[in-house]
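Undergrad: Structure supplied as protein-v8.txt; contents: compact mmCIF, C-alpha atoms and all ligand atoms.
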# COMPACT_ATOMS: atom_id res chain seq x y z
CA MET A 1 69.02 87.61 92.22
CA ASN A 2 65.72 89.53 92.08
CA ASN A 3 65.59 91.55 88.88
CA SER A 4 62.04 92.78 89.41
CA THR A 5 63.13 96.42 89.42
CA LEU A 6 64.35 95.99 85.88
CA SER A 7 62.22 97.63 83.23
CA SER A 8 61.06 95.00 80.79
CA PHE A 9 62.59 96.73 77.77
CA LEU A 10 66.11 96.80 79.20
CA LYS A 11 68.63 94.12 78.46
CA PRO A 12 70.27 93.40 81.83
CA ILE A 13 74.00 93.95 82.04
CA TYR A 14 75.59 91.87 84.78
CA VAL A 15 78.89 92.39 86.53
CA THR A 16 80.22 89.58 84.39
CA GLN A 17 79.20 87.14 81.71
CA PRO A 18 81.09 83.93 81.03
CA VAL A 19 82.92 83.39 77.78
CA LEU A 20 81.76 80.26 75.97
CA PRO A 21 83.35 78.74 72.86
CA PRO A 22 81.19 77.82 69.86
CA MET A 23 79.22 74.76 70.98
CA GLU A 24 80.16 72.70 67.93
CA GLU A 25 83.83 72.94 68.91
CA PHE A 26 83.06 71.02 72.07
CA ILE A 27 81.42 68.07 70.29
CA PRO A 28 84.68 66.29 69.32
CA TYR A 29 85.76 66.34 72.97
CA LEU A 30 82.42 64.84 74.00
CA GLU A 31 82.77 62.15 71.33
CA GLN A 32 86.11 61.12 72.78
CA ILE A 33 84.64 60.85 76.27
CA TRP A 34 81.65 58.83 75.01
CA GLU A 35 84.03 56.59 73.11
CA SER A 36 86.45 55.96 76.00
CA LYS A 37 83.82 55.92 78.76
CA TRP A 38 86.47 57.44 81.02
CA LEU A 39 84.48 60.07 82.92
CA THR A 40 86.58 61.04 85.92
CA ASN A 41 89.43 60.00 88.28
CA ASN A 42 92.52 61.44 86.60
CA GLY A 43 91.49 60.64 83.04
CA PRO A 44 93.30 61.77 79.87
CA PHE A 45 91.67 65.22 79.61
CA HIS A 46 92.38 65.86 83.29
CA GLN A 47 96.06 65.06 82.75
CA GLN A 48 96.20 67.15 79.57
CA LEU A 49 94.62 70.16 81.25
CA GLU A 50 97.02 69.99 84.19
CA GLN A 51 99.96 70.06 81.79
CA ALA A 52 98.44 72.73 79.56
CA LEU A 53 97.80 74.99 82.54
CA CYS A 54 101.34 74.49 83.88
CA ASP A 55 102.64 75.56 80.47
CA TYR A 56 100.28 78.49 80.04
CA LEU A 57 100.66 79.85 83.57
CA GLY A 58 104.37 79.15 83.94
CA VAL A 59 104.08 77.04 87.08
CA LYS A 60 105.56 73.67 88.01
CA HIS A 61 102.64 71.59 89.28
CA ILE A 62 98.88 71.93 89.26
CA ALA A 63 96.23 69.75 90.88
CA LEU A 64 92.77 70.30 89.41
CA PHE A 65 89.66 70.49 91.59
CA ALA A 66 85.89 70.58 91.28
CA ASN A 67 85.87 74.20 92.50
CA GLY A 68 88.06 76.76 94.20
CA THR A 69 86.53 76.33 97.65
CA VAL A 70 87.24 72.62 97.95
CA ALA A 71 90.74 73.40 96.65
CA LEU A 72 91.23 75.93 99.47
CA VAL A 73 89.98 73.46 102.07
CA THR A 74 92.31 70.77 100.70
CA ALA A 75 95.29 73.13 100.45
CA LEU A 76 95.04 73.77 104.19
CA GLN A 77 94.70 70.03 104.87
CA SER A 78 97.70 69.20 102.73
CA LEU A 79 100.01 71.38 104.83
CA ARG A 80 98.33 70.29 108.09
CA ILE A 81 97.49 73.87 108.99
CA THR A 82 95.88 74.20 112.44
CA GLY A 83 95.26 76.80 115.15
CA GLU A 84 95.07 80.34 113.79
CA VAL A 85 95.55 81.70 110.27
CA ILE A 86 95.99 85.37 109.47
CA THR A 87 93.83 86.54 106.59
CA THR A 88 91.96 89.46 105.05
CA PRO A 89 88.35 90.40 105.71
CA TYR A 90 88.12 91.98 102.23
CA SER A 91 87.40 88.93 100.11
CA PHE A 92 84.73 86.45 99.10
CA VAL A 93 83.44 84.41 102.04
CA ALA A 94 85.04 81.21 100.73
CA THR A 95 88.46 82.46 101.88
CA ALA A 96 87.54 82.38 105.57
CA HIS A 97 85.02 79.54 105.23
CA SER A 98 87.86 77.26 104.13
CA LEU A 99 89.49 77.95 107.49
CA LEU A 100 86.34 77.19 109.50
CA TRP A 101 85.87 73.93 107.55
CA ASN A 102 89.29 72.93 108.87
CA GLY A 103 88.52 73.98 112.44
CA ILE A 104 90.98 76.88 112.11
CA LYS A 105 90.40 80.28 113.69
CA PRO A 106 90.65 83.15 111.19
CA VAL A 107 92.48 86.21 112.45
CA PHE A 108 91.58 89.24 110.35
CA VAL A 109 94.05 92.03 109.72
CA ASP A 110 93.43 95.24 107.84
CA ILE A 111 94.19 95.90 104.19
CA ASP A 112 96.41 98.34 102.34
CA PRO A 113 94.45 101.40 101.13
CA ILE A 114 95.98 101.33 97.65
CA THR A 115 96.02 97.64 96.71
CA LEU A 116 93.13 96.58 98.99
CA ASN A 117 95.22 93.48 99.72
CA ILE A 118 96.32 92.39 103.20
CA ASP A 119 98.62 95.01 104.75
CA PRO A 120 101.97 93.30 105.41
CA ASP A 121 102.71 95.78 108.22
CA LYS A 122 99.69 94.53 110.17
CA ILE A 123 100.54 90.84 110.05
CA GLU A 124 103.29 90.66 112.65
CA VAL A 125 101.26 92.03 115.57
CA ALA A 126 98.49 89.51 114.86
CA ILE A 127 100.82 86.50 115.25
CA THR A 128 100.30 84.37 118.38
CA PRO A 129 101.76 81.00 119.47
CA GLN A 130 98.77 79.39 117.72
CA THR A 131 99.45 81.00 114.33
CA THR A 132 100.53 78.50 111.69
CA ALA A 133 99.91 80.27 108.38
CA ILE A 134 98.94 83.38 106.44
CA MET A 135 96.20 83.26 103.82
CA PRO A 136 96.40 86.43 101.71
CA VAL A 137 94.17 87.08 98.68
CA HIS A 138 95.35 88.66 95.40
CA CYS A 139 92.18 90.74 95.42
CA TYR A 140 90.81 91.59 91.94
CA GLY A 141 93.92 89.86 90.55
CA HIS A 142 96.31 92.51 91.88
CA PRO A 143 99.33 90.82 93.47
CA CYS A 144 99.88 91.05 97.20
CA ASP A 145 103.19 92.34 98.50
CA VAL A 146 104.57 88.81 98.15
CA ASP A 147 108.11 89.60 99.26
CA ARG A 148 107.15 91.30 102.50
CA ILE A 149 104.60 88.62 103.32
CA GLN A 150 107.23 85.91 102.77
CA LYS A 151 109.69 87.78 104.95
CA VAL A 152 107.30 87.78 107.91
CA ALA A 153 106.39 84.13 107.23
CA ASP A 154 110.06 83.12 107.20
CA ILE A 155 110.87 84.91 110.43
CA TYR A 156 107.98 83.26 112.29
CA GLY A 157 108.05 79.89 110.52
CA LEU A 158 104.60 80.28 108.98
CA LYS A 159 103.19 78.75 105.80
CA VAL A 160 101.68 81.02 103.15
CA ILE A 161 98.67 79.86 101.16
CA TYR A 162 97.50 82.38 98.60
CA ASP A 163 93.86 82.56 97.69
CA ALA A 164 94.59 83.32 94.05
CA ALA A 165 91.01 82.84 92.87
CA HIS A 166 91.22 86.14 90.96
CA ALA A 167 94.82 85.86 89.76
CA PHE A 168 94.71 83.58 86.73
CA GLY A 169 97.56 84.54 84.39
CA VAL A 170 98.85 87.44 86.48
CA GLN A 171 102.60 87.97 86.39
CA ASN A 172 105.11 90.23 88.06
CA GLU A 173 108.71 90.78 86.95
CA SER A 174 109.72 87.28 88.10
CA GLY A 175 106.89 85.47 86.32
CA SER A 176 103.62 84.02 87.60
CA VAL A 177 102.40 85.34 90.96
CA LEU A 178 101.15 81.80 91.53
CA ASN A 179 104.71 80.73 92.26
CA TYR A 180 104.86 82.61 95.57
CA GLY A 181 104.14 81.15 98.98
CA ASP A 182 103.73 77.45 99.71
CA LEU A 183 100.57 77.01 97.65
CA SER A 184 98.23 79.10 95.52
CA VAL A 185 94.58 78.31 94.87
CA LEU A 186 92.72 79.22 91.69
CA SER A 187 89.00 79.32 90.88
CA PHE A 188 87.62 78.53 87.44
CA HIS A 189 84.04 79.46 88.39
CA ALA A 190 81.69 80.74 85.69
CA THR A 191 82.37 84.31 86.84
CA LYS A 192 86.14 84.05 86.52
CA VAL A 193 88.53 85.13 83.76
CA PHE A 194 89.17 81.48 82.86
CA ASN A 195 86.04 79.46 83.49
CA THR A 196 85.19 75.77 83.32
CA PHE A 197 81.59 76.26 84.59
CA GLU A 198 82.86 75.26 88.06
CA GLY A 199 86.45 74.36 88.76
CA GLY A 200 89.58 75.17 90.69
CA ALA A 201 93.18 74.20 91.19
CA ILE A 202 96.07 74.17 93.61
CA VAL A 203 99.40 75.36 92.27
CA CYS A 204 102.28 73.74 94.13
CA PRO A 205 106.05 73.97 93.80
CA ASP A 206 107.06 70.29 94.04
CA ALA A 207 105.90 66.87 92.94
CA LYS A 208 105.75 65.48 96.49
CA THR A 209 103.24 68.11 97.58
CA LYS A 210 101.16 67.57 94.46
CA GLN A 211 101.14 63.83 95.19
CA ARG A 212 99.77 64.44 98.66
CA ILE A 213 97.16 66.84 97.31
CA ASP A 214 96.16 64.26 94.70
CA TYR A 215 95.63 61.68 97.45
CA LEU A 216 93.58 64.14 99.47
CA LYS A 217 91.26 65.06 96.60
CA ASN A 218 90.55 61.35 95.97
CA PHE A 219 89.46 60.23 99.47
CA GLY A 220 93.09 59.68 100.51
CA PHE A 221 93.53 56.69 98.21
CA VAL A 222 97.08 55.72 97.25
CA ASP A 223 96.04 52.46 95.61
CA GLU A 224 93.08 50.11 95.74
CA VAL A 225 93.73 49.06 99.31
CA THR A 226 95.68 51.94 100.82
CA VAL A 227 94.12 55.11 102.28
CA VAL A 228 96.55 57.55 103.88
CA ALA A 229 94.28 60.43 104.88
CA SER A 230 90.65 61.29 105.46
CA GLY A 231 90.52 62.83 102.00
CA ILE A 232 87.58 64.34 100.20
CA ASN A 233 86.12 63.97 96.73
CA GLY A 234 87.40 67.16 95.14
CA LYS A 235 88.14 65.88 91.66
CA MET A 236 87.46 67.63 88.38
CA SER A 237 85.58 65.40 85.91
CA GLU A 238 86.64 64.66 82.34
CA ILE A 239 83.88 66.74 80.78
CA ILE A 240 85.02 69.80 82.72
CA ALA A 241 88.71 69.16 82.02
CA ALA A 242 87.96 68.79 78.30
CA PHE A 243 86.03 72.05 78.39
CA GLY A 244 88.98 73.70 80.11
CA LEU A 245 91.30 72.64 77.29
CA LEU A 246 88.94 74.24 74.79
CA GLN A 247 88.57 77.38 76.91
CA LEU A 248 92.33 77.79 77.12
CA LYS A 249 92.44 78.34 73.35
CA GLY A 250 90.39 81.53 73.75
CA ILE A 251 92.02 82.94 76.87
CA ASP A 252 94.46 85.36 75.22
CA ASP A 253 91.70 86.86 73.10
CA ALA A 254 89.49 87.20 76.19
CA LEU A 255 92.28 88.97 78.10
CA GLN A 256 92.87 91.40 75.21
CA LYS A 257 89.19 92.32 75.13
CA ARG A 258 89.17 92.83 78.91
CA LYS A 259 92.19 95.10 78.57
CA ALA A 260 90.35 97.32 76.08
CA ILE A 261 87.31 97.55 78.37
CA ASP A 262 89.51 98.42 81.34
CA ALA A 263 91.16 101.19 79.30
CA ARG A 264 87.78 102.61 78.20
CA TYR A 265 86.58 102.80 81.81
CA ARG A 266 89.80 104.48 82.92
CA LYS A 267 89.50 107.08 80.17
CA GLY A 268 85.78 107.65 80.67
CA LEU A 269 85.97 107.95 84.45
CA ALA A 270 89.32 109.78 84.63
CA ASP A 271 88.08 113.25 85.55
CA MET A 272 85.00 112.28 87.48
CA LYS A 273 85.04 113.84 90.92
CA GLY A 274 84.62 111.30 93.72
CA VAL A 275 85.07 108.26 91.47
CA TYR A 276 88.35 106.55 92.22
CA CYS A 277 89.73 103.79 90.01
CA LEU A 278 92.36 101.50 91.49
CA PRO A 279 95.72 102.50 89.99
CA ASP A 280 97.96 100.38 87.83
CA MET A 281 99.75 98.14 90.33
CA GLY A 282 102.75 97.63 88.09
CA GLU A 283 102.11 93.98 87.26
CA LYS A 284 103.90 92.72 84.16
CA VAL A 285 100.75 90.91 83.05
CA THR A 286 97.32 91.86 84.39
CA ASN A 287 94.09 89.92 83.88
CA TYR A 288 91.51 92.73 84.21
CA SER A 289 89.25 90.37 86.13
CA TYR A 290 87.26 93.10 87.90
CA PHE A 291 86.77 96.83 87.51
CA PRO A 292 86.26 98.19 91.04
CA ILE A 293 85.58 101.89 91.65
CA LEU A 294 85.48 103.59 95.02
CA VAL A 295 82.65 106.09 95.36
CA ARG A 296 83.99 108.80 97.64
CA SER A 297 82.33 111.67 99.49
CA GLU A 298 83.04 114.20 96.69
CA TYR A 299 80.74 112.24 94.37
CA PRO A 300 77.22 113.74 94.29
CA LEU A 301 75.54 110.44 95.21
CA SER A 302 76.24 107.93 97.95
CA ARG A 303 77.58 104.53 96.92
CA GLU A 304 74.17 103.01 97.64
CA SER A 305 72.35 105.60 95.53
CA LEU A 306 74.69 105.07 92.59
CA PHE A 307 74.38 101.29 92.96
CA GLN A 308 70.57 101.59 92.92
CA LYS A 309 70.60 104.01 90.02
CA LEU A 310 72.65 101.57 87.96
CA ARG A 311 70.24 98.74 88.83
CA GLU A 312 67.23 100.81 87.84
CA ASN A 313 68.91 101.20 84.49
CA GLY A 314 69.54 97.49 84.09
CA ILE A 315 73.19 97.58 85.18
CA PHE A 316 73.75 94.87 87.78
CA ALA A 317 77.09 95.97 89.18
CA ARG A 318 78.16 94.32 92.44
CA ARG A 319 79.56 95.51 95.75
CA TYR A 320 82.46 93.05 95.96
CA PHE A 321 83.44 92.89 98.88
CA TYR A 322 80.62 94.29 100.96
CA PRO A 323 79.81 93.22 103.62
CA LEU A 324 83.26 92.37 104.93
CA ILE A 325 83.70 88.69 105.78
CA SER A 326 84.30 89.79 109.37
CA ASP A 327 80.74 91.18 109.51
CA PHE A 328 79.05 87.87 108.75
CA PRO A 329 77.48 86.11 111.77
CA MET A 330 79.96 83.24 111.97
CA TYR A 331 82.91 85.68 112.16
CA ARG A 332 81.74 88.87 113.85
CA GLY A 333 82.28 87.53 117.40
CA LEU A 334 86.00 87.09 116.79
CA PRO A 335 88.23 89.64 118.54
CA SER A 336 89.93 90.46 115.22
CA ALA A 337 86.56 91.16 113.55
CA VAL A 338 85.86 94.36 115.48
CA PRO A 339 85.47 97.28 113.04
CA ALA A 340 88.10 99.33 114.91
CA ASN A 341 90.66 96.70 113.87
CA LEU A 342 89.74 96.97 110.19
CA PRO A 343 89.11 100.64 109.31
CA VAL A 344 90.65 100.56 105.82
CA ALA A 345 88.73 97.44 104.83
CA LYS A 346 85.50 98.90 106.24
CA LYS A 347 85.94 102.09 104.22
CA ALA A 348 86.65 100.18 101.00
CA ALA A 349 83.65 97.89 101.55
CA ASP A 350 81.43 100.96 102.05
CA GLN A 351 82.69 102.65 98.88
CA VAL A 352 83.22 99.89 96.34
CA ILE A 353 81.23 99.07 93.24
CA CYS A 354 82.54 96.55 90.72
CA LEU A 355 81.44 97.64 87.27
CA PRO A 356 80.60 95.14 84.51
CA ILE A 357 83.67 93.81 82.75
CA TYR A 358 83.70 90.81 80.45
CA PRO A 359 84.97 90.19 76.92
CA ASP A 360 81.58 90.52 75.20
CA LEU A 361 80.57 93.75 76.93
CA GLU A 362 79.52 96.01 74.07
CA ALA A 363 81.16 99.43 73.77
CA SER A 364 77.74 101.13 73.62
CA ASP A 365 76.68 99.47 76.88
CA GLN A 366 79.93 100.53 78.48
CA GLU A 367 79.42 104.12 77.28
CA ASN A 368 75.95 104.00 78.83
CA ILE A 369 77.42 102.86 82.17
CA ILE A 370 79.99 105.68 82.09
CA SER A 371 77.28 108.24 81.20
CA LEU A 372 75.07 107.03 84.04
CA ILE A 373 77.95 107.50 86.48
CA ALA A 374 78.79 110.91 84.99
CA GLY A 375 75.16 111.95 85.41
CA GLY A 376 75.61 111.82 89.19
N1 LIG A 401 88.20 83.00 96.89
C1 LIG A 401 87.86 84.13 96.28
C2 LIG A 401 88.67 85.35 96.51
C3 LIG A 401 86.74 84.14 95.42
O1 LIG A 401 86.39 85.29 94.80
C4 LIG A 401 86.03 82.95 95.22
C5 LIG A 401 84.87 82.95 94.37
C6 LIG A 401 86.46 81.78 95.86
C7 LIG A 401 87.55 81.85 96.70
C8 LIG A 401 85.76 80.47 95.70
O2 LIG A 401 85.92 79.90 94.43
P1 LIG A 401 84.76 78.91 93.85
O3 LIG A 401 84.50 77.87 94.90
O4 LIG A 401 83.55 79.76 93.55
O5 LIG A 401 85.41 78.33 92.62
C9 LIG A 401 80.51 84.87 92.61
C10 LIG A 401 81.02 83.46 92.39
O6 LIG A 401 80.04 82.48 92.66
C11 LIG A 401 82.25 83.14 93.14
O7 LIG A 401 82.87 82.07 92.45
C12 LIG A 401 83.21 84.31 93.17
N2 LIG A 401 84.35 84.05 94.00
C13 LIG A 401 82.52 85.55 93.68
C14 LIG A 401 83.44 86.74 93.73
O8 LIG A 401 81.47 85.84 92.78
P2 LIG A 401 78.18 85.64 93.41
O9 LIG A 401 77.32 85.22 94.53
O10 LIG A 401 78.42 87.09 93.22
O11 LIG A 401 77.70 84.99 92.02
P3 LIG A 401 76.42 85.28 91.16
O12 LIG A 401 75.76 83.98 90.90
O13 LIG A 401 75.60 86.36 91.77
O14 LIG A 401 77.04 85.76 89.78
C15 LIG A 401 77.44 87.10 89.53
C16 LIG A 401 76.93 87.50 88.16
O15 LIG A 401 77.59 86.76 87.16
C17 LIG A 401 75.45 87.26 87.93
O16 LIG A 401 74.73 88.40 88.29
C18 LIG A 401 75.36 87.01 86.44
C19 LIG A 401 76.70 86.46 86.07
N3 LIG A 401 76.68 85.01 85.88
C20 LIG A 401 76.83 84.18 86.95
C21 LIG A 401 76.79 82.82 86.77
C22 LIG A 401 76.95 81.89 87.95
C23 LIG A 401 76.47 84.50 84.62
O17 LIG A 401 76.29 85.27 83.65
N4 LIG A 401 76.47 83.15 84.43
C24 LIG A 401 76.61 82.28 85.47
O18 LIG A 401 76.62 81.05 85.25
O19 LIG A 401 79.56 84.90 93.62
Once you've parsed the file, please lay out its structure as structure tokens.
TA:
Amino acid sequence: MNNSTLSSFLKPIYVTQPVLPPMEEFIPYLEQIWESKWLTNNGPFHQQLEQALCDYLGVKHIALFANGTVALVTALQSLRITGEVITTPYSFVATAHSLLWNGIKPVFVDIDPITLNIDPDKIEVAITPQTTAIMPVHCYGHPCDVDRIQKVADIYGLKVIYDAAHAFGVQNESGSVLNYGDLSVLSFHATKVFNTFEGGAIVCPDAKTKQRIDYLKNFGFVDEVTVVASGINGKMSEIIAAFGLLQLKGIDDALQKRKAIDARYRKGLADMKGVYCLPDMGEKVTNYSYFPILVRSEYPLSRESLFQKLRENGIFARRYFYPLISDFPMYRGLPSAVPANLPVAKKAADQVICLPIYPDLEASDQENIISLIAGG
């Protein structure tokens, strides 16, 4: 990113900043790895992190990956998804890229104006004989309408693979949202609520599916002489898995701090004309992974002007998710990518700014951000 507009005396505030544990706490983990010389391929830390995450998240099986994107690509492979997959244009490009990497045609449908997640009412009309699955995204960690999506999937015999990159730890009344659909895919990227530098995972409901996923992420190997699929190398290494175990110790504290920041924004922005905060979606447990605002016409500045103003003041907010995925060159020729098909998503993409939110964001910096927005 080019920060040249930033005045030299300003400390830049980014949309996020990763949480890191004290470095000395990581040394004992490194010593164990140096001692055992077991660096990757389902080593002891890898196995421990899989179990620890199952326990923490309340899910049955987890397969760890090097990052969320390779996990998405592998999730689609594991269920042999082909043809067309219905998905949202309002997400990070990796969602749709995972489809193209599998030779699958994305079919974009519009989003719900409140949740900004895929609109379940729009899915049915997009189904064709080639449709094999739905890939919704729990955008900003807010759960999709999982029941209605499953209902459509059941009627038409479709698989559901959730891109749950934002949904670490999120729960509804029945428990983890990661338990819905056929598979859910997490990202542990540096910018995520739970980060392992890079990392990802597939959450799956049964041991058989996890077994297949484990083959696929290790070249398709079953044993030394048996290869059952054209798998990939998607494995998480021991150093990353060990780091994940350490990170997990701090996750509840990080979520508490995020909650307080979310509350301060909501209070500070409550009466600001033209600044719309996404409402409480009624989750039982939220992760406060992003703080999106929609800058509407009643606000004195355009979204772009406010975005620039924040940058000039050292606040590097982001316009997640502008442009829409459907506007990128590899997608815009698709019939479903035409703007007339996606008016709600287009409007959100044109209005959104994600404000900085991360556990170490100082209250004074947050007050400054709120004042800058109030200044119009
Ligand atoms: N599906 C969804 C819905 C996703 O959002 C993502 C990833 C994926 C799938 C794919 O998962 P992974 O394969 O990434 O595991 C970032 C992330 O790179 C990406 O992981 C994330 N979504 C996306 C929403 O955001 P950028 O291009 O905005 O990242 P970047 O490098 O501009 O970072 C944003 C800010 O964070 C920086 O301005 C400063 C701060 N930062 C970043 C990094 C990398 C740090 O302070 N330290 C760091 O190490 O995409």
Undergrad: Might you pull out every residue within 12 Å of Thr115 (chain A), with all atoms listed in the file counted and same-chain residues fewer than 3 positions away left off, and present them as a ChimeraX atom specification?
TA: /A:90,110-112,118-120,137-145,277-283,292,344-345,348
Undergrad: Any chance you could tabulate, as a Markdown table, the residues of region 202-225 of chain A at most 12 Å from region 147-165 of chain A with each one's nearest atom pair and distance in Å to one decimal, using all atoms listed in the file, in chain and rising number order?
TA:
| residue | atom | partner | partner_atom | distance |
| --- | --- | --- | --- | --- |
| A:Ile202 | CA | A:Ala164 | CA | 9.3 |
| A:Val203 | CA | A:Ala164 | CA | 9.5 |
| A:Cys204 | CA | A:Ile161 | CA | 10.0 |
| A:Pro205 | CA | A:Ile161 | CA | 12.0 |
Undergrad: Using only C-alpha atoms and all ligand atoms, find each residue with an atom at most 8 Å away from ligand LIG 401 (chain A) and format the answer as a VMD selection string.
TA: chain A and resid 1 14 to 18 66 to 72 91 to 95 137 to 139 163 to 166 186 to 192 197 to 200 316 to 318 320
Undergrad: Quick check, in Å to one decimal: how far apart do CA of Ile373 (chain A) and CA of Asn287 (chain A) lie?
TA: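 Taking CA of Ile373 (chain A) and CA of Asn287 (chain A), their separation equals 24.0 Å.
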Undergrad: By how many Å are CA of Leu10 (chain A) and CA of Asp360 (chain A) apart?
TA: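 CA of Asp360 (chain A) lies 17.2 Å from CA of Leu10 (chain A).
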Undergrad: Near region 293-306 of chain A, within 6 Å and counting all atoms listed in the file, which residues show up once chain neighbours fewer than 3 positions away are dropped, as a PyMOL selection string?
TA: chain A and resi 273-277+309+351-353+376
Undergrad: Between A:Ile213, A:Val85, A:Ile104, A:Ala242, which has the minimum distance to Gly43 (chain A) (counting all atoms listed in the file)?
TA: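 Distance minimum relative to Gly43 (chain A) lands on A:Ala242.
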Undergrad: What is the CA of Asn233 (chain A)-CA of Phe219 (chain A) distance in Å, reported with one decimal?
TA: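 We find that CA of Asn233 (chain A) and CA of Phe219 (chain A) lie 5.7 Å from each other.
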Undergrad: Please provide as a list in words all residues within 8 Å of region 51-61 of chain A, with the sequence filter that same-chain residues fewer than 2 positions apart are discarded (counting all atoms listed in the file).
TA: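 Answer for this query is Gln47, Gln48, Leu49, Ala63, Phe168, Gly169, Gly175, Ser176, Leu178, Asn179, Val203, Cys204, Pro205, Asp206, Ala207, Lys210 and Leu245 of chain A.
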Undergrad: Would you pick out the contacts of Lys235 (chain A) at 7 Å or less, using all atoms listed in the file, so that residues sharing its chain but fewer than 3 positions from it are not included, and give the list as a list in words?
TA: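 Contacts, in chain order: Asn41, Leu64, Phe65, Ala66, Lys217 and Asn218 of chain A.
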Undergrad: Mind giving me the axis-aligned box for region 96-113 of chain A with 4 Å on every side, centre plus edges in Å to one decimal, as AutoDock Vina command-line options?
TA:
--center_x 90.7 --center_y 87.2 --center_z 107.4 --size_x 19.4 --size_y 36.5 --size_z 20.6
Undergrad: Between A:Val225, A:Leu20, A:Ile261, A:Leu269, which is the closest to Ser364 (chain A) once you count only C-alpha atoms?
TA: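 Closest candidate: A:Ile261.
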Undergrad: So, counting only C-alpha atoms, which residue among A:Glu50, A:Tyr322, A:Leu310, A:Lys249 is closest to Gly375 (chain A)?
TA: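 Once distances to Gly375 (chain A) are computed over only C-alpha atoms, the minimum belongs to A:Leu310.
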Undergrad: Quick one: of A:Gln32, A:Asn368, A:Thr40, A:Asn172, who's nearest to Leu355 (chain A), counting only C-alpha atoms?
TA: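 Closest to Leu355 (chain A) of all the choices is A:Asn368.
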Undergrad: Looking at all atoms listed in the file, which of A:Val170, A:Met236, A:Leu79, A:Asn102 is the one that sits closest to Asp182 (chain A)?
TA: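 Looking only at the distances to Asp182 (chain A), the closest residue turns out to be A:Leu79.
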Undergrad: Please identify all polymer residues within 12 Å of Glu362 (chain A), counting all atoms listed in the file, omitting same-chain residues fewer than 5 positions from it, and present them as a list in words.
TA: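 Here the qualifying residues turn out to be Lys11, Ile13, Gln17, Lys257, Arg258, Ala260, Ile261, Arg264, Pro356, Ile357, Glu367, Asn368 and Ile369 of chain A.
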Undergrad: Rank nothing, just name the residue among A:Leu99, A:Ile370, A:Leu30, A:Leu76 nearest to Asp271 (chain A), using only C-alpha atoms.
TA: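 Ranking A:Leu99, A:Ile370, A:Leu30, A:Leu76 by distance to Asp271 (chain A), first place goes to A:Ile370.
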Undergrad: Generate the coordinates of N, CA, C and O atoms for region 101-110 of chain A; report them as a compact mmCIF listing (two decimals), in the coordinates of the input.
TA:
# COMPACT_ATOMS: atom_id res chain seq x y z
N TRP A 101 86.07 75.34 107.91
CA TRP A 101 85.87 73.93 107.55
C TRP A 101 87.02 73.06 108.03
O TRP A 101 86.91 71.85 108.09
N ASN A 102 88.15 73.68 108.33
CA ASN A 102 89.29 72.93 108.87
C ASN A 102 89.43 73.12 110.37
O ASN A 102 90.46 72.75 110.94
N GLY A 103 88.44 73.75 111.00
CA GLY A 103 88.52 73.98 112.44
C GLY A 103 89.59 74.99 112.82
O GLY A 103 90.13 74.96 113.93
N ILE A 104 89.92 75.88 111.88
CA ILE A 104 90.98 76.88 112.11
C ILE A 104 90.31 78.22 112.43
O ILE A 104 89.28 78.57 111.84
N LYS A 105 90.94 78.97 113.33
CA LYS A 105 90.40 80.28 113.69
C LYS A 105 90.97 81.35 112.76
O LYS A 105 92.20 81.55 112.74
N PRO A 106 90.11 82.05 112.01
CA PRO A 106 90.65 83.15 111.19
C PRO A 106 91.01 84.34 112.08
O PRO A 106 90.29 84.65 113.01
N VAL A 107 92.11 84.96 111.77
CA VAL A 107 92.48 86.21 112.45
C VAL A 107 92.58 87.27 111.35
O VAL A 107 93.43 87.19 110.46
N PHE A 108 91.65 88.23 111.41
CA PHE A 108 91.58 89.24 110.35
C PHE A 108 92.55 90.38 110.64
O PHE A 108 92.63 90.87 111.77
N VAL A 109 93.27 90.79 109.60
CA VAL A 109 94.05 92.03 109.72
C VAL A 109 93.64 92.96 108.59
O VAL A 109 93.06 92.52 107.59
N ASP A 110 93.93 94.23 108.77
CA ASP A 110 93.43 95.24 107.84
C ASP A 110 94.18 95.19 106.50
O ASP A 110 95.21 94.51 106.38
